[in-house]
Structure formats: structure tokens, C-alpha cells
file target_12.txt (compact mmCIF, C-alpha atoms)
# COMPACT_ATOMS: atom_id res chain seq x y z
CA MET A 1 42.87 -34.93 26.64
CA ILE A 2 39.77 -33.71 28.47
CA ARG A 3 36.84 -32.87 26.18
CA TYR A 4 34.29 -30.42 27.57
CA TYR A 5 31.15 -29.63 25.56
CA VAL A 6 29.39 -26.35 26.39
CA THR A 7 25.78 -26.27 25.18
CA ASP A 8 24.19 -23.43 23.23
CA ARG A 9 20.74 -24.15 21.83
CA ARG A 10 20.94 -21.03 19.63
CA GLN A 11 23.55 -22.89 17.59
CA GLY A 12 21.68 -26.14 17.07
CA ASP A 13 19.87 -29.03 18.67
CA VAL A 14 21.48 -29.45 22.08
CA LEU A 15 19.91 -32.83 22.84
CA THR A 16 21.14 -34.34 19.57
CA ALA A 17 24.60 -32.86 20.12
CA ALA A 18 24.65 -34.05 23.75
CA ALA A 19 23.65 -37.58 22.73
CA ARG A 20 26.43 -37.64 20.13
CA ALA A 21 28.93 -36.21 22.66
CA VAL A 22 28.02 -38.92 25.17
CA ARG A 23 28.34 -41.65 22.50
CA GLU A 24 31.76 -40.26 21.54
CA GLY A 25 32.93 -40.27 25.16
CA VAL A 26 33.09 -36.55 25.90
CA ASP A 27 34.27 -36.14 29.49
CA MET A 28 31.91 -33.36 30.56
CA ILE A 29 28.88 -31.46 29.31
CA GLN A 30 28.18 -28.01 30.68
CA VAL A 31 24.54 -27.00 30.23
CA ARG A 32 25.00 -23.28 29.65
CA GLU A 33 21.55 -21.99 28.73
CA LYS A 34 21.65 -18.78 30.77
CA ASP A 35 18.38 -17.36 29.45
CA LEU A 36 16.17 -20.36 30.27
CA PRO A 37 13.77 -20.03 33.20
CA GLY A 38 14.54 -22.37 36.10
CA GLY A 39 11.91 -25.00 35.29
CA GLU A 40 12.91 -25.28 31.64
CA LEU A 41 16.59 -25.37 32.54
CA PHE A 42 15.93 -28.10 35.11
CA ALA A 43 14.05 -30.17 32.50
CA LEU A 44 16.89 -29.80 29.97
CA VAL A 45 19.53 -30.67 32.57
CA CYS A 46 17.55 -33.80 33.53
CA ARG A 47 17.29 -34.90 29.89
CA ILE A 48 21.04 -34.50 29.41
CA ARG A 49 21.71 -36.19 32.77
CA ASP A 50 19.62 -39.14 31.56
CA LEU A 51 21.51 -39.27 28.24
CA ALA A 52 24.79 -39.45 30.17
CA GLY A 53 23.55 -41.97 32.73
CA GLY A 54 25.78 -45.03 33.02
CA THR A 55 28.60 -43.45 30.99
CA LYS A 56 31.79 -41.63 31.91
CA THR A 57 30.31 -38.27 30.80
CA ARG A 58 29.71 -35.93 33.71
CA VAL A 59 27.08 -33.18 33.60
CA LEU A 60 27.41 -29.68 35.03
CA VAL A 61 25.10 -26.69 34.88
CA ASN A 62 26.20 -23.11 34.47
CA ASP A 63 26.01 -20.98 37.64
CA ARG A 64 22.88 -22.68 39.06
CA LEU A 65 23.65 -24.59 42.24
CA ASP A 66 19.92 -24.98 42.88
CA VAL A 67 19.38 -26.75 39.54
CA ALA A 68 22.46 -28.94 40.03
CA LEU A 69 21.25 -30.08 43.43
CA ALA A 70 17.64 -30.61 42.33
CA ALA A 71 18.70 -32.60 39.25
CA GLY A 72 21.30 -34.63 41.11
CA ILE A 73 24.02 -33.92 38.56
CA ASP A 74 27.79 -33.92 39.02
CA GLY A 75 28.40 -30.24 39.47
CA VAL A 76 28.35 -26.59 38.64
CA HIS A 77 30.41 -24.46 36.30
CA LEU A 78 30.84 -20.89 37.47
CA PRO A 79 31.40 -17.94 35.15
CA ALA A 80 34.10 -15.48 36.19
CA ASN A 81 31.41 -13.19 37.63
CA GLY A 82 29.30 -16.01 39.10
CA LEU A 83 28.70 -17.34 42.57
CA PRO A 84 31.79 -17.50 44.82
CA ALA A 85 33.57 -20.78 44.15
CA ALA A 86 34.42 -21.31 47.83
CA SER A 87 30.72 -21.07 48.72
CA VAL A 88 29.66 -23.59 46.07
CA ARG A 89 32.51 -26.07 46.67
CA PRO A 90 30.97 -27.89 49.67
CA PHE A 91 27.79 -28.76 47.75
CA VAL A 92 29.10 -30.33 44.54
CA LYS A 93 31.25 -33.24 43.45
CA LEU A 94 32.67 -31.30 40.51
CA LEU A 95 33.37 -27.56 40.29
CA GLY A 96 34.63 -25.72 37.22
CA VAL A 97 35.34 -22.00 36.93
CA SER A 98 35.80 -19.82 33.86
CA VAL A 99 38.77 -17.48 34.10
CA HIS A 100 40.36 -14.90 31.85
CA THR A 101 43.53 -13.98 33.75
CA LEU A 102 46.32 -15.66 35.68
CA GLU A 103 45.08 -14.01 38.88
CA GLU A 104 41.57 -15.40 38.39
CA ALA A 105 43.04 -18.86 37.72
CA ILE A 106 45.03 -18.84 40.95
CA ALA A 107 42.00 -17.58 42.90
CA ALA A 108 39.76 -20.30 41.42
CA GLU A 109 42.27 -23.00 42.36
CA SER A 110 42.54 -21.59 45.90
CA ALA A 111 38.74 -21.56 46.22
CA GLY A 112 38.55 -25.28 45.48
CA ALA A 113 37.84 -25.50 41.75
CA ASP A 114 38.51 -28.93 40.24
CA PHE A 115 39.38 -27.39 36.88
CA ILE A 116 39.34 -24.06 35.09
CA VAL A 117 38.29 -23.03 31.62
CA PHE A 118 40.60 -20.34 30.22
CA GLY A 119 40.19 -18.17 27.16
CA PRO A 120 39.19 -17.17 24.62
CA ILE A 121 42.41 -18.52 23.13
CA PHE A 122 41.53 -17.66 19.52
CA GLU A 123 39.11 -15.14 18.04
CA THR A 124 35.42 -15.86 18.52
CA PRO A 125 32.39 -13.77 17.58
CA GLY A 126 32.42 -10.74 19.84
CA LYS A 127 35.47 -11.75 21.89
CA THR A 128 39.13 -10.87 21.55
CA ALA A 129 41.65 -13.69 21.74
CA VAL A 130 44.13 -13.89 24.61
CA GLY A 131 46.42 -16.23 22.67
CA LEU A 132 48.60 -19.19 23.53
CA GLU A 133 51.21 -17.46 25.70
CA PRO A 134 48.78 -16.52 28.52
CA LEU A 135 47.42 -20.08 28.34
CA ARG A 136 50.98 -21.39 28.76
CA LYS A 137 51.49 -19.17 31.85
CA VAL A 138 48.19 -20.17 33.45
CA ALA A 139 48.76 -23.89 32.83
CA ALA A 140 52.24 -23.66 34.35
CA SER A 141 50.98 -21.75 37.41
CA VAL A 142 48.17 -23.98 38.69
CA LYS A 143 48.00 -27.66 39.60
CA ILE A 144 44.40 -28.23 38.48
CA PRO A 145 43.53 -28.98 34.84
CA VAL A 146 43.22 -25.99 32.51
CA LEU A 147 40.82 -26.38 29.60
CA ALA A 148 41.27 -24.02 26.67
CA ILE A 149 38.19 -22.39 25.13
CA GLY A 150 37.53 -19.95 22.35
CA GLY A 151 37.70 -20.46 18.62
CA ILE A 152 39.39 -23.85 18.88
CA LYS A 153 38.98 -26.12 15.88
CA LEU A 154 40.09 -29.74 15.65
CA GLU A 155 43.22 -28.71 13.76
CA GLY A 156 44.09 -26.16 16.50
CA ALA A 157 43.65 -28.53 19.43
CA GLY A 158 47.28 -29.67 19.22
CA ASP A 159 48.49 -26.10 19.72
CA VAL A 160 46.55 -25.61 22.96
CA LEU A 161 47.66 -29.00 24.28
CA ALA A 162 51.27 -28.14 23.46
CA ALA A 163 50.81 -24.90 25.42
CA GLY A 164 49.89 -26.92 28.51
CA ALA A 165 46.11 -27.21 28.35
CA ALA A 166 44.74 -30.46 29.75
CA GLY A 167 41.93 -30.36 27.23
CA VAL A 168 39.55 -28.41 25.05
CA ALA A 169 36.24 -26.78 25.92
CA GLY A 170 33.83 -25.31 23.45
CA ILE A 171 30.47 -25.04 21.78
CA ARG A 172 31.04 -25.26 18.03
CA ILE A 173 33.84 -27.82 18.16
CA PHE A 174 31.35 -30.31 19.69
CA GLN A 175 27.96 -29.04 18.57
CA SER A 176 28.69 -28.40 14.89
CA VAL A 177 30.35 -31.72 14.11
call {"tool": "encode", "arguments": {"input": "target_12.txt", "output": "C-alpha cells"}}
result
Amino acid sequence: MIRYYVTDRRQGDVLTAAARAVREGVDMIQVREKDLPGGELFALVCRIRDLAGGTKTRVLVNDRLDVALAAGIDGVHLPANGLPAASVRPFVKLLGVSVHTLEEAIAAESAGADFIVFGPIFETPGKTAVGLEPLRKVAASVKIPVLAIGGIKLEGAGDVLAAGAAGVAGIRIFQSV
């Protein structure tokens, strides 16, 4: 199972959570601090990159190819309305894309994404759940890994894996432990 921690400093100490995630062998950390100015985001990405150095944990930054390249990290994660995946693909080792529909999932795969993050599967604050059936359809329709996101708790992880997800992505499931 792929474990993908998405940072959110409004919900706690990201560096402490990232250090714990690295120690616990999380596969990837997406630094998703959209409101940080470039310099501050770069500094945070470098700190998390350094925490993950020499481990299997790979670091991506949300929608900022410039920061990824400057920090020398593994890749970029694109939101559904972000930079075009096909344009970013040549510059990164690892490319993830958030999707909310089957059509977006197929387009992300065609554009060269290494994996997609699909959801929200369950209810989250301010977002309506898509549920397990759309996850099942997306996972069956693409060859790249599909990570489920949205309201997933440890006890619900089995349900998303049974629906075909290759892993779990989230903020609270990793940051609130």
C-alpha cells in the first residue's frame, strides 16, 4: 500500500509530522502549502527534503515546478486545475495529479502522470464525497496507481484498497496521528 502524506500547516506542525512520516516509512510527502510565498515554500520544501534524505520517502511540491527544480526534490503534484501535466512531465522524476472524475484520470495518465490522487472518497470539511464506486471505476480504467483521498481513517483504508486503490493519501490520517 502506498502512503502519501499531504501537508497542511494549519492543522499542526508540518515538520514534526513529516519527520514522523519519514521515520514510519511513508512513501511520499506532498508539500501543499499553497498560500506560502515562494521563498518560504522553498525553505519548507528544503527542510522536508533534508528530513527525507537517505530514506525511501520521496518529496513533491504542489503545483510549483520552479520550487521543485530549485530544491532538487523528486517531483511535483498538480491539482486538477494546475499546470498542464504534459508540460511538467519532462522536468520531473515523479509526477502526481489530483483528479475528481474518470475523464480527468484518463487524461492525467495520457499526459504522463506517474500516479493520480482521486477523491474525496468520504466526506471532508467543505467537500462532498464521491464514494467507493467511482474509485472502483477509476482504478479499473487506468494502469497507473490510484491513491484515494478524502476523509479516510485507518479503519476505512481497507475499503479503499478493496475498491482498487493502490494506496491512501491524506492530511489528517498522517498529520493527526
call {"tool": "closest_residue", "arguments": {"input": "target_12.txt", "among": "A:Leu147, A:Leu132, A:Ile121, A:Ala140", "to": "Met28 in chain A", "atoms": "only C-alpha atoms"}}
result
A:Leu147
call {"tool": "closest_residue", "arguments": {"input": "target_12.txt", "among": "A:Pro84, A:Gly119, A:Gly164, A:Pro125", "to": "Lys137 in chain A", "atoms": "only C-alpha atoms"}}
result
A:Gly164
call {"tool": "atom_distance", "arguments": {"input": "target_12.txt", "atom1": "CA of Glu33 in chain A", "atom2": "CA of Thr16 in chain A"}}
result
15.4 Å
call {"tool": "atom_distance", "arguments": {"input": "target_12.txt", "atom1": "CA of Gly82 in chain A", "atom2": "CA of Val97 in chain A"}}
result
8.8 Å
call {"tool": "residues_around", "arguments": {"input": "target_12.txt", "residues": "range 3-8 of chain A", "least_positions_apart": "5", "cutoff": "10 Å", "atoms": "all atoms listed in the file", "output": "PDB file with C-alpha atoms, keeping the file's coordinate frame"}}
result
ATOM      1  CA  ASP A  13      19.870 -29.030  18.670  1.00  0.00           C
ATOM      2  CA  VAL A  14      21.480 -29.450  22.080  1.00  0.00           C
ATOM      3  CA  LEU A  15      19.910 -32.830  22.840  1.00  0.00           C
ATOM      4  CA  ALA A  17      24.600 -32.860  20.120  1.00  0.00           C
ATOM      5  CA  ALA A  18      24.650 -34.050  23.750  1.00  0.00           C
ATOM      6  CA  ALA A  21      28.930 -36.210  22.660  1.00  0.00           C
ATOM      7  CA  VAL A  22      28.020 -38.920  25.170  1.00  0.00           C
ATOM      8  CA  GLY A  25      32.930 -40.270  25.160  1.00  0.00           C
ATOM      9  CA  VAL A  26      33.090 -36.550  25.900  1.00  0.00           C
ATOM     10  CA  ASP A  27      34.270 -36.140  29.490  1.00  0.00           C
ATOM     11  CA  MET A  28      31.910 -33.360  30.560  1.00  0.00           C
ATOM     12  CA  ILE A  29      28.880 -31.460  29.310  1.00  0.00           C
ATOM     13  CA  GLN A  30      28.180 -28.010  30.680  1.00  0.00           C
ATOM     14  CA  VAL A  31      24.540 -27.000  30.230  1.00  0.00           C
ATOM     15  CA  ARG A  32      25.000 -23.280  29.650  1.00  0.00           C
ATOM     16  CA  GLU A  33      21.550 -21.990  28.730  1.00  0.00           C
ATOM     17  CA  LYS A  34      21.650 -18.780  30.770  1.00  0.00           C
ATOM     18  CA  THR A  57      30.310 -38.270  30.800  1.00  0.00           C
ATOM     19  CA  ARG A  58      29.710 -35.930  33.710  1.00  0.00           C
ATOM     20  CA  VAL A  59      27.080 -33.180  33.600  1.00  0.00           C
ATOM     21  CA  LEU A  60      27.410 -29.680  35.030  1.00  0.00           C
ATOM     22  CA  VAL A  61      25.100 -26.690  34.880  1.00  0.00           C
ATOM     23  CA  ASN A  62      26.200 -23.110  34.470  1.00  0.00           C
ATOM     24  CA  VAL A 117      38.290 -23.030  31.620  1.00  0.00           C
ATOM     25  CA  LEU A 147      40.820 -26.380  29.600  1.00  0.00           C
ATOM     26  CA  ALA A 148      41.270 -24.020  26.670  1.00  0.00           C
ATOM     27  CA  ILE A 149      38.190 -22.390  25.130  1.00  0.00           C
ATOM     28  CA  ALA A 166      44.740 -30.460  29.750  1.00  0.00           C
ATOM     29  CA  GLY A 167      41.930 -30.360  27.230  1.00  0.00           C
ATOM     30  CA  VAL A 168      39.550 -28.410  25.050  1.00  0.00           C
ATOM     31  CA  ALA A 169      36.240 -26.780  25.920  1.00  0.00           C
ATOM     32  CA  GLY A 170      33.830 -25.310  23.450  1.00  0.00           C
ATOM     33  CA  ILE A 171      30.470 -25.040  21.780  1.00  0.00           C
ATOM     34  CA  ARG A 172      31.040 -25.260  18.030  1.00  0.00           C
ATOM     35  CA  ILE A 173      33.840 -27.820  18.160  1.00  0.00           C
ATOM     36  CA  PHE A 174      31.350 -30.310  19.690  1.00  0.00           C
ATOM     37  CA  GLN A 175      27.960 -29.040  18.570  1.00  0.00           C
TER      38      GLN A 175
END
call {"tool": "atom_distance", "arguments": {"input": "target_12.txt", "atom1": "CA of Asp35 in chain A", "atom2": "CA of Ala105 in chain A"}}
result
26.1 Å
call {"tool": "closest_residue", "arguments": {"input": "target_12.txt", "among": "A:Val99, A:Ala71, A:Ala108, A:Val160", "to": "Phe122 in chain A", "atoms": "all atoms listed in the file"}}
result
A:Val160
call {"tool": "build_atoms", "arguments": {"input": "target_12.txt", "residues": "range 142-153 of chain A", "atoms": "all heavy atoms", "output": "mmCIF file, keeping the file's coordinate frame"}}
result
data_model
loop_
_atom_site.group_PDB
_atom_site.id
_atom_site.type_symbol
_atom_site.label_atom_id
_atom_site.label_comp_id
_atom_site.auth_asym_id
_atom_site.auth_seq_id
_atom_site.Cartn_x
_atom_site.Cartn_y
_atom_site.Cartn_z
ATOM 1 N N VAL A 142 49.160 -23.312 37.838
ATOM 2 C CA VAL A 142 48.170 -23.980 38.690
ATOM 3 C C VAL A 142 48.358 -25.493 38.575
ATOM 4 O O VAL A 142 48.909 -25.992 37.600
ATOM 5 C CB VAL A 142 46.722 -23.582 38.321
ATOM 6 C CG1 VAL A 142 46.488 -22.085 38.552
ATOM 7 C CG2 VAL A 142 46.374 -23.953 36.887
ATOM 8 N N LYS A 143 47.879 -26.195 39.582
ATOM 9 C CA LYS A 143 48.000 -27.660 39.600
ATOM 10 C C LYS A 143 46.761 -28.351 39.048
ATOM 11 O O LYS A 143 46.805 -29.519 38.699
ATOM 12 C CB LYS A 143 48.261 -28.128 41.032
ATOM 13 C CG LYS A 143 49.616 -27.703 41.567
ATOM 14 C CD LYS A 143 49.802 -28.156 43.003
ATOM 15 C CE LYS A 143 51.138 -27.761 43.553
ATOM 16 N NZ LYS A 143 51.334 -26.344 43.717
ATOM 17 N N ILE A 144 45.633 -27.633 38.988
ATOM 18 C CA ILE A 144 44.400 -28.230 38.480
ATOM 19 C C ILE A 144 44.384 -28.156 36.950
ATOM 20 O O ILE A 144 45.081 -27.340 36.355
ATOM 21 C CB ILE A 144 43.153 -27.547 39.084
ATOM 22 C CG1 ILE A 144 43.135 -26.047 38.773
ATOM 23 C CG2 ILE A 144 43.081 -27.802 40.582
ATOM 24 C CD1 ILE A 144 41.882 -25.322 39.263
ATOM 25 N N PRO A 145 43.592 -29.011 36.302
ATOM 26 C CA PRO A 145 43.530 -28.980 34.840
ATOM 27 C C PRO A 145 43.014 -27.637 34.302
ATOM 28 O O PRO A 145 42.086 -27.054 34.863
ATOM 29 C CB PRO A 145 42.552 -30.097 34.489
ATOM 30 C CG PRO A 145 42.561 -31.005 35.668
ATOM 31 C CD PRO A 145 42.805 -30.111 36.852
ATOM 32 N N VAL A 146 43.631 -27.203 33.224
ATOM 33 C CA VAL A 146 43.220 -25.990 32.510
ATOM 34 C C VAL A 146 42.690 -26.433 31.157
ATOM 35 O O VAL A 146 43.395 -27.084 30.390
ATOM 36 C CB VAL A 146 44.412 -25.022 32.324
ATOM 37 C CG1 VAL A 146 43.982 -23.811 31.501
ATOM 38 C CG2 VAL A 146 45.000 -24.608 33.663
ATOM 39 N N LEU A 147 41.425 -26.082 30.898
ATOM 40 C CA LEU A 147 40.820 -26.380 29.600
ATOM 41 C C LEU A 147 40.802 -25.103 28.784
ATOM 42 O O LEU A 147 40.381 -24.057 29.276
ATOM 43 C CB LEU A 147 39.411 -26.922 29.783
ATOM 44 C CG LEU A 147 39.266 -28.115 30.734
ATOM 45 C CD1 LEU A 147 37.824 -28.563 30.804
ATOM 46 C CD2 LEU A 147 40.175 -29.245 30.336
ATOM 47 N N ALA A 148 41.247 -25.179 27.562
ATOM 48 C CA ALA A 148 41.270 -24.020 26.670
ATOM 49 C C ALA A 148 39.932 -23.894 25.967
ATOM 50 O O ALA A 148 39.343 -24.889 25.552
ATOM 51 C CB ALA A 148 42.395 -24.172 25.648
ATOM 52 N N ILE A 149 39.455 -22.654 25.831
ATOM 53 C CA ILE A 149 38.190 -22.390 25.130
ATOM 54 C C ILE A 149 38.369 -21.179 24.228
ATOM 55 O O ILE A 149 39.210 -20.316 24.473
ATOM 56 C CB ILE A 149 37.033 -22.156 26.134
ATOM 57 C CG1 ILE A 149 35.676 -22.226 25.426
ATOM 58 C CG2 ILE A 149 37.222 -20.843 26.902
ATOM 59 C CD1 ILE A 149 34.492 -22.311 26.378
ATOM 60 N N GLY A 150 37.565 -21.140 23.197
ATOM 61 C CA GLY A 150 37.530 -19.950 22.350
ATOM 62 C C GLY A 150 38.119 -20.157 20.984
ATOM 63 O O GLY A 150 39.341 -20.143 20.828
ATOM 64 N N GLY A 151 37.265 -20.392 20.007
ATOM 65 C CA GLY A 151 37.700 -20.460 18.620
ATOM 66 C C GLY A 151 38.570 -21.660 18.286
ATOM 67 O O GLY A 151 39.264 -21.656 17.276
ATOM 68 N N ILE A 152 38.535 -22.686 19.106
ATOM 69 C CA ILE A 152 39.390 -23.850 18.880
ATOM 70 C C ILE A 152 38.705 -24.803 17.893
ATOM 71 O O ILE A 152 37.558 -25.183 18.070
ATOM 72 C CB ILE A 152 39.705 -24.571 20.195
ATOM 73 C CG1 ILE A 152 40.426 -23.607 21.141
ATOM 74 C CG2 ILE A 152 40.539 -25.827 19.945
ATOM 75 C CD1 ILE A 152 40.515 -24.092 22.566
ATOM 76 N N LYS A 153 39.443 -25.150 16.867
ATOM 77 C CA LYS A 153 38.980 -26.120 15.880
ATOM 78 C C LYS A 153 39.810 -27.388 16.066
ATOM 79 O O LYS A 153 40.839 -27.368 16.744
ATOM 80 C CB LYS A 153 39.164 -25.554 14.480
ATOM 81 C CG LYS A 153 38.310 -24.315 14.220
ATOM 82 C CD LYS A 153 38.570 -23.779 12.826
ATOM 83 C CE LYS A 153 37.626 -22.676 12.456
ATOM 84 N NZ LYS A 153 37.790 -21.442 13.186
#
